[in-house]
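Colleague: Once you've had a glance at the structure underneath, I'll fire off some questions.
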Amino acid sequence: MTTFKSRLFSPLTLRDVTLRNRTVVSPMCQYSAHGGLANDWHLVHLGQFAAGGFGLVFTEATAVLPEGRITHGDLGLWSDAHVAPVRRIVEFLHAHGAKSGVQLAHAGRKASMQRPWFGNAALGPDDVARGDHPWPIVGPVAQPHHEGWLVPRALTHEGIRCIVDAFAAAARRAHEAGVDAVEVHGAHGYLAHSFLSPVANTRRDEYGGDLAGRMRFALEIARAVRAAWPAGKPLFFRASTYDGIDGGWSLDDSVALAKELKAIGVDIVDCSAGGFLAARLPFKPGYLVPNAARVRDEAGIATQAVGFITDAAQAEAILESGAADLVAVGREALSDPHWAGRAAVALEGDAGWALWPAQYAWWLERRAALMRQF
Ligand SMILES: Cc1cc2nc3c(=O)[nH]c(=O)nc-3n(C[C@H](O)[C@H](O)[C@H](O)COP(=O)(O)O)c2cc1C
């Protein structure tokens, strides 16, 4: 294997899993599954990123229970029937040098939503006409995500236990499918985040109230997944590092959470933000990198930076600064599935072509040499 000089293209070993480089495809819902089953779209969509040179490719939010889907089109791992189609994708990723990750999720009070291109709100009469019926949803309390959205049923302790168990069972299925890393989705207003944030969690029992109470559910999920997931495989946790709402979940809270996650055996905190409609986030290139840096420094845990990272030099500088250990790319990967390969050529010169599939590299390297003579 070619040795690269940049940090972005240096390997990273997490437990027994070595990523060929530090570029990650961020989880991105495709709303294209039927019955939660991965299909040819997911194979081609995720497979292109392995051919594109990424080190780790995450599936979209993958529901641990059918009622935990955001939309009717979400992927799932709630039954053994879901394992084989995921394994097919994992085998393709492995054959092309990438490791595979699955993001395990429960949408909570943001379940039963429209696919974005049908409105990105709660399912309504137009969706029913299309055959997309709403289903009963759950949350920390019987308070909807937004006015006019479905009112969730407040989870009982028994309901909480069932969901924690479902996360563990889905992690076991991910292992059966050959997946290398799992991530608990604890961000973006979905179930675990809605328990963390005082904006959504006004429970009065031990799953609400102070920070320790609000963290209880997320930590129970992380602990159950860690126990079900092989010790040699890394566990990620995606956090909304702040809500972007006055009085909401804060970066200080995220540091406290990260310390607890580290003690449980979580390896990487994936530092995202927001998820409630009232959030005001200061979008700009790399706007969440300082959050990843603070979590990394103060909790002493590895981090993944994400959010408006689009450029090779920018990604390299994030790693050089010590803010993060991995760089995740979302929309830019949709725009250019070969983003990692291009970044390798940008940072490594002609040596970077080694990251490209031979089927493409042979031609593109020669074309690049000719173009330098124009
Ligand atoms: C189409 C699409 C689907 C997404 N689905 C998920 C998801 O399933 N889980 C998640 O944690 N974030 C999801 N996100 C957020 C991305 O993972 C990422 O954090 C966000 O797009 C910011 O990174 P970017 O600026 O590189 O796109 C999604 C984003 C997009 C564009």
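In the structure tokens, each chain is lettered A, B, ... as it comes, each chain's residues begin at 1, and ligands are numbered from 1 in order of appearance.
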Which chains and residue numbers are within 6 Å of ligand 1, counting only C-alpha atoms and all ligand atoms, if I want them as number ranges by chain?
Modeller: A: 26-29, 60-61, 272, 306-309, 329-332
Colleague: Identify, on the basis of only C-alpha atoms, every residue whose closest approach to Ala81 (chain A) does not exceed 10 Å; exclude the query and any residue fewer than 5 positions from it along the same chain; express the result as a PDB file with C-alpha atoms, in the first residue's frame.
Modeller:
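Written output follows (result.pdb):
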```
ATOM      1  CA  GLY A  36     -36.125  -1.134   5.641  1.00  0.00           C
ATOM      2  CA  LEU A  37     -34.244  -3.379   3.209  1.00  0.00           C
ATOM      3  CA  GLY A  76     -33.525  -0.729   9.006  1.00  0.00           C
ATOM      4  CA  VAL A  86     -26.282  -4.935   4.180  1.00  0.00           C
ATOM      5  CA  ARG A 173     -27.062  -7.784  13.209  1.00  0.00           C
TER       6      ARG A 173
END
```
Colleague: Please identify every residue of region 28-117 of chain A that has at least one atom no farther than 12 Å from an atom of region 204-221 of chain A, counting only C-alpha atoms, and for each give the shortest atom pair and the distance in Å to one decimal, arranged by chain then increasing number, as a tab-separated table.
Modeller:
```
residue	atom	partner	partner_atom	distance
A:Val64	CA	A:Ile221	CA	11.4
A:Leu104	CA	A:Ile221	CA	10.3
A:Ala105	CA	A:Ile221	CA	10.4
A:His106	CA	A:Ile221	CA	10.9
```
Colleague: Keeping only N, CA and C atoms, take the residues you just selected and write them out as a short mmCIF file (atom, residue, chain, number, x, y, z; two decimals), in the first residue's frame.
Modeller:
```cif
data_model
loop_
_atom_site.label_atom_id
_atom_site.label_comp_id
_atom_site.auth_asym_id
_atom_site.auth_seq_id
_atom_site.Cartn_x
_atom_site.Cartn_y
_atom_site.Cartn_z
N VAL A 64 -33.68 0.95 14.27
CA VAL A 64 -33.58 -0.26 15.09
C VAL A 64 -34.96 -0.88 15.31
N LEU A 104 -26.94 3.58 13.79
CA LEU A 104 -28.16 3.01 14.37
C LEU A 104 -29.01 4.13 14.95
N ALA A 105 -30.31 4.08 14.65
CA ALA A 105 -31.13 5.25 14.97
C ALA A 105 -32.55 4.88 15.37
N HIS A 106 -33.13 5.77 16.16
CA HIS A 106 -34.58 5.78 16.40
C HIS A 106 -35.01 7.23 16.31
#
```
Colleague: Looking at A:Arg172, A:Arg22, A:Arg69, A:Arg161, which one is nearest to Ala98 (chain A), with distances taken over only C-alpha atoms?
Modeller: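 Looking at the shortest contact to Ala98 (chain A), the residue is A:Arg22.
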Colleague: Name the residues of region 134-255 of chain A that fall into strand (DSSP E) according to DSSP on the backbone, using the chain letters and numbers of this document, as a list of chain:residue names.
Modeller: A:Val138, A:Gly139, A:Arg153, A:Ala154, A:Ala181, A:Val182, A:Glu183, A:Val184, A:His185, A:Gly186, A:Leu235, A:Phe236, A:Phe237, A:Arg238, A:Ala239, A:Ser240
